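Colleague: What follows is start17.txt, made up of compact mmCIF, C-alpha atoms and all ligand atoms:
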# COMPACT_ATOMS: atom_id res chain seq x y z
CA MET A 1492 -16.24 -12.97 13.29
CA SER A 1493 -16.57 -15.83 10.80
CA ALA A 1494 -17.69 -19.28 11.80
CA GLY A 1495 -14.91 -21.45 13.16
CA MET A 1496 -12.82 -18.54 14.35
CA GLU A 1497 -12.31 -18.39 18.03
CA ALA A 1498 -12.11 -15.19 19.98
CA SER A 1499 -8.57 -14.98 21.18
CA ALA A 1500 -7.56 -13.30 24.39
CA PRO A 1501 -4.17 -12.50 25.84
CA VAL A 1502 -2.74 -15.26 28.03
CA LEU A 1503 -2.39 -12.65 30.74
CA SER A 1504 -4.00 -9.24 31.12
CA ILE A 1505 -3.25 -6.85 33.92
CA THR A 1506 -5.60 -3.91 34.29
CA ASP A 1507 -4.98 -0.93 36.56
CA ALA A 1508 -2.59 -2.82 38.85
CA THR A 1509 -1.91 -0.82 41.99
CA LYS A 1510 0.14 -1.89 44.99
CA LEU A 1511 1.15 0.09 48.05
CA PHE A 1512 3.72 -0.79 50.68
CA GLY A 1513 2.81 1.65 53.44
CA ALA A 1514 3.49 5.07 51.93
CA VAL A 1515 5.42 3.62 48.95
CA VAL A 1516 3.38 3.35 45.77
CA ALA A 1517 5.14 0.37 44.18
CA LEU A 1518 2.61 0.02 41.34
CA ASP A 1519 0.30 2.75 40.13
CA GLY A 1520 -2.39 1.78 37.62
CA VAL A 1521 -0.31 -0.52 35.41
CA THR A 1522 -2.10 -2.10 32.45
CA LEU A 1523 -0.51 -4.65 30.12
CA ASP A 1524 -1.19 -7.77 28.04
CA VAL A 1525 0.97 -10.75 27.17
CA TRP A 1526 0.08 -13.06 24.30
CA ALA A 1527 0.85 -16.72 23.67
CA GLY A 1528 4.16 -17.18 21.87
CA GLU A 1529 5.29 -13.69 22.78
CA VAL A 1530 8.26 -12.53 24.84
CA LEU A 1531 7.42 -9.32 26.67
CA ALA A 1532 10.31 -7.48 28.29
CA LEU A 1533 9.48 -5.59 31.47
CA LEU A 1534 11.98 -2.76 31.83
CA GLY A 1535 12.67 -0.05 34.36
CA ASP A 1536 15.26 1.30 36.72
CA ASN A 1537 15.90 -0.11 40.20
CA GLY A 1538 12.77 0.24 42.28
CA ALA A 1539 10.51 0.84 39.27
CA GLY A 1540 8.07 -1.88 40.42
CA LYS A 1541 9.00 -4.79 38.13
CA SER A 1542 9.48 -7.45 40.80
CA THR A 1543 6.42 -6.23 42.66
CA LEU A 1544 4.32 -6.69 39.52
CA VAL A 1545 5.75 -10.19 39.07
CA LYS A 1546 4.95 -11.08 42.67
CA CYS A 1547 1.38 -9.80 42.30
CA ILE A 1548 0.90 -12.01 39.23
CA SER A 1549 2.42 -15.07 40.87
CA GLY A 1550 0.47 -14.90 44.10
CA VAL A 1551 3.22 -13.71 46.46
CA HIS A 1552 1.56 -10.29 46.93
CA ARG A 1553 -2.06 -9.19 46.51
CA LEU A 1554 -2.90 -6.15 44.41
CA ASP A 1555 -4.60 -3.32 46.28
CA ARG A 1556 -6.50 -2.48 43.12
CA GLY A 1557 -6.73 -3.89 39.61
CA VAL A 1558 -7.61 -7.07 37.79
CA VAL A 1559 -5.54 -10.03 36.62
CA SER A 1560 -7.12 -12.06 33.81
CA ILE A 1561 -5.95 -15.33 32.34
CA ASP A 1562 -7.20 -16.21 28.86
CA GLY A 1563 -9.66 -13.34 29.18
CA LEU A 1564 -11.17 -14.44 32.49
CA PRO A 1565 -10.58 -12.51 35.73
CA VAL A 1566 -8.85 -14.62 38.38
CA GLN A 1567 -7.85 -14.20 42.01
CA ILE A 1568 -4.39 -15.63 42.52
CA THR A 1569 -3.75 -15.75 46.23
CA SER A 1570 -0.75 -18.09 46.45
CA PRO A 1571 2.19 -19.26 44.34
CA THR A 1572 0.59 -22.73 44.23
CA GLN A 1573 -2.52 -21.24 42.65
CA ALA A 1574 -0.41 -19.42 40.09
CA ARG A 1575 1.20 -22.75 39.16
CA ASP A 1576 -2.24 -24.33 38.87
CA HIS A 1577 -3.03 -21.62 36.31
CA GLY A 1578 0.06 -22.60 34.32
CA ILE A 1579 2.25 -19.73 35.53
CA GLU A 1580 5.86 -20.54 36.47
CA THR A 1581 8.06 -17.86 37.98
CA VAL A 1582 11.77 -17.51 38.53
CA TYR A 1583 12.08 -14.89 41.24
CA GLN A 1584 14.87 -12.37 41.31
CA ASP A 1585 15.67 -13.45 44.86
CA LEU A 1586 15.76 -17.09 43.70
CA ALA A 1587 13.14 -18.97 45.61
CA LEU A 1588 15.09 -22.22 45.91
CA PHE A 1589 15.23 -24.12 49.19
CA ASP A 1590 18.82 -23.99 50.42
CA ASN A 1591 18.59 -27.13 52.50
CA LEU A 1592 17.37 -29.29 49.61
CA ASP A 1593 19.16 -30.80 46.64
CA PRO A 1594 18.15 -29.99 43.03
CA THR A 1595 15.73 -32.94 42.82
CA ALA A 1596 13.84 -31.84 45.92
CA ASN A 1597 13.86 -28.25 44.67
CA PHE A 1598 12.52 -29.36 41.31
CA PHE A 1599 9.60 -31.22 42.81
CA ALA A 1600 8.86 -29.05 45.85
CA GLY A 1601 5.08 -28.88 46.06
CA ARG A 1602 4.53 -31.46 43.34
CA GLU A 1603 6.21 -34.54 44.76
CA ILE A 1604 5.53 -37.89 43.15
CA ALA A 1605 3.93 -40.19 45.72
CA ARG A 1606 3.63 -43.96 45.56
CA PRO A 1607 0.17 -45.32 44.70
CA THR A 1608 -2.67 -44.26 46.95
CA TRP A 1609 -3.82 -47.83 47.70
CA LEU A 1610 -0.83 -48.18 49.99
CA PRO A 1611 -1.44 -47.37 53.65
CA GLN A 1612 -0.66 -43.75 54.51
CA GLY A 1613 2.64 -44.56 56.22
CA LEU A 1614 3.92 -46.47 53.19
CA ARG A 1615 3.12 -43.76 50.68
CA TRP A 1616 6.67 -42.46 50.81
CA LEU A 1617 7.84 -40.28 48.01
CA ASP A 1618 9.27 -41.91 44.97
CA GLN A 1619 12.77 -40.48 45.41
CA SER A 1620 14.55 -42.31 42.66
CA ARG A 1621 11.89 -41.55 40.07
CA MET A 1622 12.01 -37.86 40.94
CA ARG A 1623 15.82 -37.88 40.83
CA THR A 1624 15.88 -39.48 37.38
CA GLN A 1625 13.29 -37.01 36.08
CA ALA A 1626 15.08 -33.97 37.51
CA ARG A 1627 18.42 -35.17 36.10
CA ASP A 1628 16.84 -35.81 32.76
CA LEU A 1629 15.32 -32.33 32.65
CA LEU A 1630 18.57 -30.62 33.62
CA ASP A 1631 20.47 -32.68 31.03
CA ARG A 1632 17.96 -31.80 28.36
CA LEU A 1633 18.37 -28.16 29.25
CA GLN A 1634 22.16 -28.65 29.24
CA VAL A 1635 22.50 -27.49 32.81
CA ARG A 1636 25.57 -29.16 34.31
CA LEU A 1637 26.14 -29.39 38.04
CA PRO A 1638 29.35 -30.75 39.59
CA ASP A 1639 27.46 -32.65 42.30
CA PHE A 1640 23.86 -33.40 41.49
CA ASP A 1641 23.02 -34.49 45.03
CA ALA A 1642 24.55 -31.57 46.91
CA ASP A 1643 22.28 -29.11 48.68
CA VAL A 1644 21.54 -26.01 46.68
CA ALA A 1645 23.22 -23.91 49.41
CA LEU A 1646 26.58 -25.25 48.17
CA MET A 1647 26.01 -24.14 44.60
CA SER A 1648 27.22 -20.96 42.98
CA GLY A 1649 24.75 -18.19 42.24
CA GLY A 1650 24.83 -19.08 38.56
CA GLN A 1651 24.18 -22.77 39.17
CA ARG A 1652 21.25 -21.93 41.42
CA GLN A 1653 19.88 -19.59 38.80
CA ALA A 1654 20.23 -22.33 36.18
CA VAL A 1655 18.30 -24.82 38.35
CA ALA A 1656 15.54 -22.25 38.94
CA VAL A 1657 15.22 -21.44 35.23
CA ALA A 1658 15.29 -25.12 34.27
CA ARG A 1659 12.52 -25.87 36.77
CA ALA A 1660 10.32 -23.08 35.45
CA VAL A 1661 10.85 -24.12 31.86
CA ALA A 1662 10.26 -27.79 32.64
CA PHE A 1663 6.90 -27.19 34.26
CA SER A 1664 5.70 -24.27 32.19
CA SER A 1665 2.43 -24.52 30.34
CA LYS A 1666 1.09 -21.03 29.73
CA LEU A 1667 3.27 -18.26 31.08
CA VAL A 1668 6.85 -18.16 32.33
CA ILE A 1669 8.02 -15.12 34.26
CA LEU A 1670 11.77 -14.65 34.51
CA ASP A 1671 12.88 -11.89 36.87
CA GLU A 1672 16.55 -11.19 36.03
CA PRO A 1673 17.30 -14.80 35.02
CA THR A 1674 20.78 -13.99 33.70
CA ALA A 1675 21.95 -11.62 36.44
CA ALA A 1676 24.32 -14.19 37.99
CA LEU A 1677 25.25 -16.01 34.79
CA GLY A 1678 28.31 -15.95 32.59
CA LEU A 1679 28.15 -15.40 28.86
CA ARG A 1680 27.74 -19.03 27.90
CA GLU A 1681 25.07 -19.71 30.53
CA SER A 1682 23.21 -16.52 29.65
CA ALA A 1683 23.15 -17.60 26.03
CA LYS A 1684 21.59 -20.92 27.11
CA VAL A 1685 18.89 -19.14 29.07
CA LEU A 1686 18.13 -16.96 26.06
CA ASP A 1687 17.88 -20.16 23.98
CA LEU A 1688 15.39 -21.55 26.49
CA VAL A 1689 13.33 -18.38 26.20
CA ARG A 1690 13.25 -18.76 22.41
CA ARG A 1691 12.24 -22.39 22.79
CA LEU A 1692 9.35 -21.42 25.08
CA ARG A 1693 8.14 -18.88 22.57
CA ALA A 1694 8.35 -21.45 19.77
CA ASP A 1695 6.21 -23.77 21.92
CA GLY A 1696 3.55 -21.05 22.19
CA VAL A 1697 4.29 -20.21 25.82
CA ALA A 1698 4.08 -16.54 26.83
CA VAL A 1699 7.18 -15.15 28.53
CA ILE A 1700 7.69 -12.06 30.67
CA LEU A 1701 11.40 -11.27 30.85
CA ILE A 1702 12.85 -8.76 33.26
CA SER A 1703 16.41 -7.79 32.48
CA HIS A 1704 18.72 -4.83 32.86
CA SER A 1705 20.64 -6.09 29.83
CA MET A 1706 19.39 -4.28 26.75
CA ASP A 1707 21.40 -6.75 24.64
CA HIS A 1708 19.46 -9.68 26.08
CA VAL A 1709 16.17 -7.86 25.64
CA MET A 1710 16.95 -7.04 22.02
CA ALA A 1711 18.06 -10.63 21.45
CA VAL A 1712 14.82 -12.33 22.51
CA ALA A 1713 11.97 -9.94 23.28
CA ASP A 1714 9.21 -9.01 20.87
CA ARG A 1715 7.87 -6.06 22.82
CA ALA A 1716 8.92 -4.01 25.81
CA VAL A 1717 6.97 -2.21 28.50
CA VAL A 1718 8.75 0.38 30.62
CA LEU A 1719 7.87 1.10 34.24
CA ARG A 1720 9.04 4.12 36.13
CA ARG A 1721 8.18 4.77 39.78
CA GLY A 1722 5.38 2.24 39.59
CA ARG A 1723 3.82 3.64 36.42
CA LYS A 1724 3.86 2.35 32.91
CA ILE A 1725 5.37 5.13 30.88
CA GLY A 1726 5.93 3.51 27.53
CA GLU A 1727 5.59 0.48 25.35
CA ALA A 1728 7.40 -0.25 22.08
CA PRO A 1729 8.57 -3.12 19.88
CA ALA A 1730 11.91 -4.51 21.14
CA THR A 1731 13.77 -3.65 17.97
CA PRO A 1732 16.97 -1.64 17.41
CA ALA A 1733 14.88 1.18 15.94
CA HIS A 1734 13.15 1.65 19.32
CA GLU A 1735 16.13 1.00 21.59
CA SER A 1736 17.05 4.62 22.30
CA GLN A 1737 13.40 5.44 22.98
CA LEU A 1738 13.20 2.58 25.48
CA VAL A 1739 16.43 3.66 27.18
CA SER A 1740 15.24 7.24 27.56
CA TRP A 1741 11.99 6.02 29.10
CA ILE A 1742 13.98 3.86 31.53
CA VAL A 1743 16.29 6.65 32.67
CA GLY A 1744 13.51 9.22 32.63
CA ALA A 1745 15.22 11.50 30.11
CA GLN A 1746 11.93 11.83 28.37
CA SER A 1747 9.01 12.14 30.74
CA GLY A 1748 6.30 10.38 28.81
CA ALA A 1749 2.81 10.77 30.14
CA PRO A 1750 1.78 7.66 32.10
CA ILE A 1751 -0.18 5.28 29.90
N1 LIG B 1 8.02 -6.21 50.49
C1 LIG B 1 8.18 -4.89 50.35
N2 LIG B 1 7.92 -4.06 51.39
C2 LIG B 1 8.06 -2.72 51.26
N3 LIG B 1 8.44 -2.10 50.13
C3 LIG B 1 8.72 -2.87 49.08
C4 LIG B 1 8.60 -4.30 49.12
N4 LIG B 1 8.93 -4.80 47.91
C5 LIG B 1 9.23 -3.74 47.14
N5 LIG B 1 9.10 -2.57 47.83
C6 LIG B 1 9.32 -1.21 47.29
O1 LIG B 1 8.55 -1.10 46.11
C7 LIG B 1 9.27 -0.40 45.10
C8 LIG B 1 9.40 -1.27 43.87
O2 LIG B 1 10.30 -2.33 44.14
P1 LIG B 1 10.57 -3.53 43.15
O3 LIG B 1 11.33 -4.57 43.89
O4 LIG B 1 9.29 -3.95 42.53
O5 LIG B 1 11.48 -2.83 42.04
P2 LIG B 1 12.20 -3.45 40.76
O6 LIG B 1 11.70 -2.69 39.58
O7 LIG B 1 12.06 -4.91 40.75
O8 LIG B 1 13.73 -3.02 41.00
P3 LIG B 1 15.11 -3.82 40.70
O9 LIG B 1 15.46 -3.54 39.27
O10 LIG B 1 16.08 -3.16 41.64
O11 LIG B 1 14.92 -5.26 40.99
C9 LIG B 1 10.59 0.00 45.73
O12 LIG B 1 10.46 1.32 46.21
C10 LIG B 1 10.75 -0.97 46.87
O13 LIG B 1 11.50 -0.42 47.91
MG MG B 2 13.34 -6.44 40.92
What would you get if you wrote out this structure as structure tokens?
Modeller:
Amino acid sequence: MSAGMEASAPVLSITDATKLFGAVVALDGVTLDVWAGEVLALLGDNGAGKSTLVKCISGVHRLDRGVVSIDGLPVQITSPTQARDHGIETVYQDLALFDNLDPTANFFAGREIARPTWLPQGLRWLDQSRMRTQARDLLDRLQVRLPDFDADVALMSGGQRQAVAVARAVAFSSKLVILDEPTAALGLRESAKVLDLVRRLRADGVAVILISHSMDHVMAVADRAVVLRRGRKIGEAPATPAHESQLVSWIVGAQSGAPI
């Protein structure tokens, strides 16, 4: 390697990821890389292990075997907070928003802005109005419109909740954004906005893992696709029209590729 060149490593590497739930083998020796500025689609039928892999990366579950590396260095991510500290933001398929909180509180959950530390403990209340302005600003910038900005998230539609979750992940992303079915509850227009956000992340050099059952969405934004089947990685191909039928046959198992 010539002087001045830096060794580059994938933003995220998963090696031999294995996860059991009792007798169910949810992940079985999965290995994959994601690079900065790349959108990797994670495909597979229901129950293939996609969400489990996401949860193992983002600290919700622990792998039974395997290594997760960030920027080439092995890490132990044991909680969602730790994943965030590593620059990983996740939108979970089951939408981890707090129902009893409004969008501002959801935005800043776990990273609340406190008043200066020289104030006595009891007076260090959270800076509500600053957080509200920032959250509003972020949602506006992302063109997410909510009928009542101060209503609890429980009163929002599935699509509005999904939009808040995606906006939050995008707003705080630094290295890797994982989107598990981000458009499942969205209409055409809203889905198109989410796909725009994904493109913007890629342009900013963020790595994205996108899980979607919509081949159209995958073809629209992904660079590469990895296919899981029954917990195993059975194929990997560029996300281009030329490879679409190959990807589909891997997903449905029409072609039983050897696990790779
Ligand atoms: N917390 C859990 N406890 C027990 N089994 C689980 C748990 N989470 C997932 N599983 C099982 O692990 C397997 C993989 O599930 P996972 O949710 O990862 O699939 P998926 O690929 O995300 O599917 P979908 O497309 O339906 O979201 C399934 O057999 C599922 O029943
Ligand atoms: Mg899932």
Colleague: A:Ser1703, A:Gln1737, A:Thr1522, A:Ser1504: which is nearest ligand MG 2 (chain B), counting only C-alpha atoms and all ligand atoms?
Modeller: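 Ranked by minimum distance to ligand MG 2 (chain B), first place goes to A:Ser1703.
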Colleague: Stretch 1520-1539 of chain A, all listed atoms, 8 Å padding on each side: what axis-aligned box centre and edge lengths in Å to one decimal come out, as lines of an AutoDock Vina configuration file?
Modeller:
center_x = 6.8
center_y = -7.7
center_z = 32.1
size_x = 34.3
size_y = 35.0
size_z = 36.4
Colleague: Between A:Gln1634, A:Ser1560, A:Thr1506, A:Asn1597, which residue has the minimum interatomic distance to A:Ala1660, considering all atoms listed in the file?
Modeller: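 Looking at the shortest contact to A:Ala1660, the residue is A:Asn1597.
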Colleague: With all atoms listed in the file counted, collect every polymer residue having an atom within 6 Å of ligand LIG 1 (chain B); state the result as a list of chain:residue names.
Modeller: A:Phe1512, A:Ala1517, A:Gly1535, A:Asp1536, A:Asn1537, A:Gly1538, A:Ala1539, A:Gly1540, A:Lys1541, A:Ser1542, A:Thr1543
Colleague: If we count only C-alpha atoms, what is near A:Ser1648 at a cut-off of 12 Å, once residues fewer than 3 positions away on the same chain are taken out, given as a list of chain:residue names?
Modeller: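 Residues meeting the cut-off are A:Asp1590, A:Leu1637, A:Pro1638, A:Asp1639, A:Ala1642, A:Asp1643, A:Val1644, A:Ala1645, A:Gln1651, A:Arg1652, A:Gln1653, A:Ala1654, A:Val1655, A:Ala1676, A:Leu1677, A:Gly1678.
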Colleague: So, counting only C-alpha atoms, which residue among A:Val1566, A:Cys1547, A:Ala1662, A:Val1668 is closest to A:Asp1631?
Modeller: A:Ala1662
Colleague: Considering all atoms listed in the file, can you say which of A:Val1582, A:Leu1688, A:Met1622, A:Val1709 comes closest to ligand MG 2 (chain B)?
Modeller: A:Val1582
Colleague: Between atom CA of A:Gly1726 and atom CA of A:Gly1528, what distance in Å does the model show, to one decimal?
Modeller: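 One can read the atom CA of A:Gly1726 to atom CA of A:Gly1528 distance as 21.5 Å.
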Colleague: Which one of A:Lys1666, A:His1704, A:Arg1556, A:Lys1510 sits closest to ligand MG 2 (chain B) if you count all atoms listed in the file?
Modeller: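 Of all the options, A:His1704 lies closest to ligand MG 2 (chain B).
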Colleague: Give the answer as one residue: which of A:Ile1505, A:Val1521, A:Thr1624, A:Leu1719 has the shortest atom-to-atom distance to ligand MG 2 (chain B), using only C-alpha atoms and all ligand atoms?
Modeller: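 The closest residue to ligand MG 2 (chain B) is A:Leu1719.
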Colleague: Find the distance between atom CA of A:Asp1687 and atom CA of A:Val1699 and write it in Å to one decimal.
Modeller: 12.7 Å
Colleague: Write out as a list in words the residues lying within 12 Å of A:Gly1578, counting all atoms listed in the file and excluding same-chain residues fewer than 3 positions away.
Modeller: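 Within the cut-off, the hits are Val1502, Leu1503, Ile1548, Ser1549, Ile1561, Asp1562, Ile1568, Pro1571, Thr1572, Gln1573, Ala1574, Arg1575, Thr1581, Ala1660, Val1661, Ala1662, Phe1663, Ser1664, Ser1665, Lys1666, Leu1667, Val1668, Ile1669, Val1697, Ala1698 and Val1699 of chain A.
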Colleague: Go ahead and dump the residues you just picked, C-alpha atoms, as an mmCIF file, in the frame of the given file.
Modeller:
data_model
loop_
_atom_site.group_PDB
_atom_site.id
_atom_site.type_symbol
_atom_site.label_atom_id
_atom_site.label_comp_id
_atom_site.auth_asym_id
_atom_site.auth_seq_id
_atom_site.Cartn_x
_atom_site.Cartn_y
_atom_site.Cartn_z
ATOM 1 C CA VAL A 1502 -2.740 -15.260 28.030
ATOM 2 C CA LEU A 1503 -2.390 -12.650 30.740
ATOM 3 C CA ILE A 1548 0.900 -12.010 39.230
ATOM 4 C CA SER A 1549 2.420 -15.070 40.870
ATOM 5 C CA ILE A 1561 -5.950 -15.330 32.340
ATOM 6 C CA ASP A 1562 -7.200 -16.210 28.860
ATOM 7 C CA ILE A 1568 -4.390 -15.630 42.520
ATOM 8 C CA PRO A 1571 2.190 -19.260 44.340
ATOM 9 C CA THR A 1572 0.590 -22.730 44.230
ATOM 10 C CA GLN A 1573 -2.520 -21.240 42.650
ATOM 11 C CA ALA A 1574 -0.410 -19.420 40.090
ATOM 12 C CA ARG A 1575 1.200 -22.750 39.160
ATOM 13 C CA THR A 1581 8.060 -17.860 37.980
ATOM 14 C CA ALA A 1660 10.320 -23.080 35.450
ATOM 15 C CA VAL A 1661 10.850 -24.120 31.860
ATOM 16 C CA ALA A 1662 10.260 -27.790 32.640
ATOM 17 C CA PHE A 1663 6.900 -27.190 34.260
ATOM 18 C CA SER A 1664 5.700 -24.270 32.190
ATOM 19 C CA SER A 1665 2.430 -24.520 30.340
ATOM 20 C CA LYS A 1666 1.090 -21.030 29.730
ATOM 21 C CA LEU A 1667 3.270 -18.260 31.080
ATOM 22 C CA VAL A 1668 6.850 -18.160 32.330
ATOM 23 C CA ILE A 1669 8.020 -15.120 34.260
ATOM 24 C CA VAL A 1697 4.290 -20.210 25.820
ATOM 25 C CA ALA A 1698 4.080 -16.540 26.830
ATOM 26 C CA VAL A 1699 7.180 -15.150 28.530
#
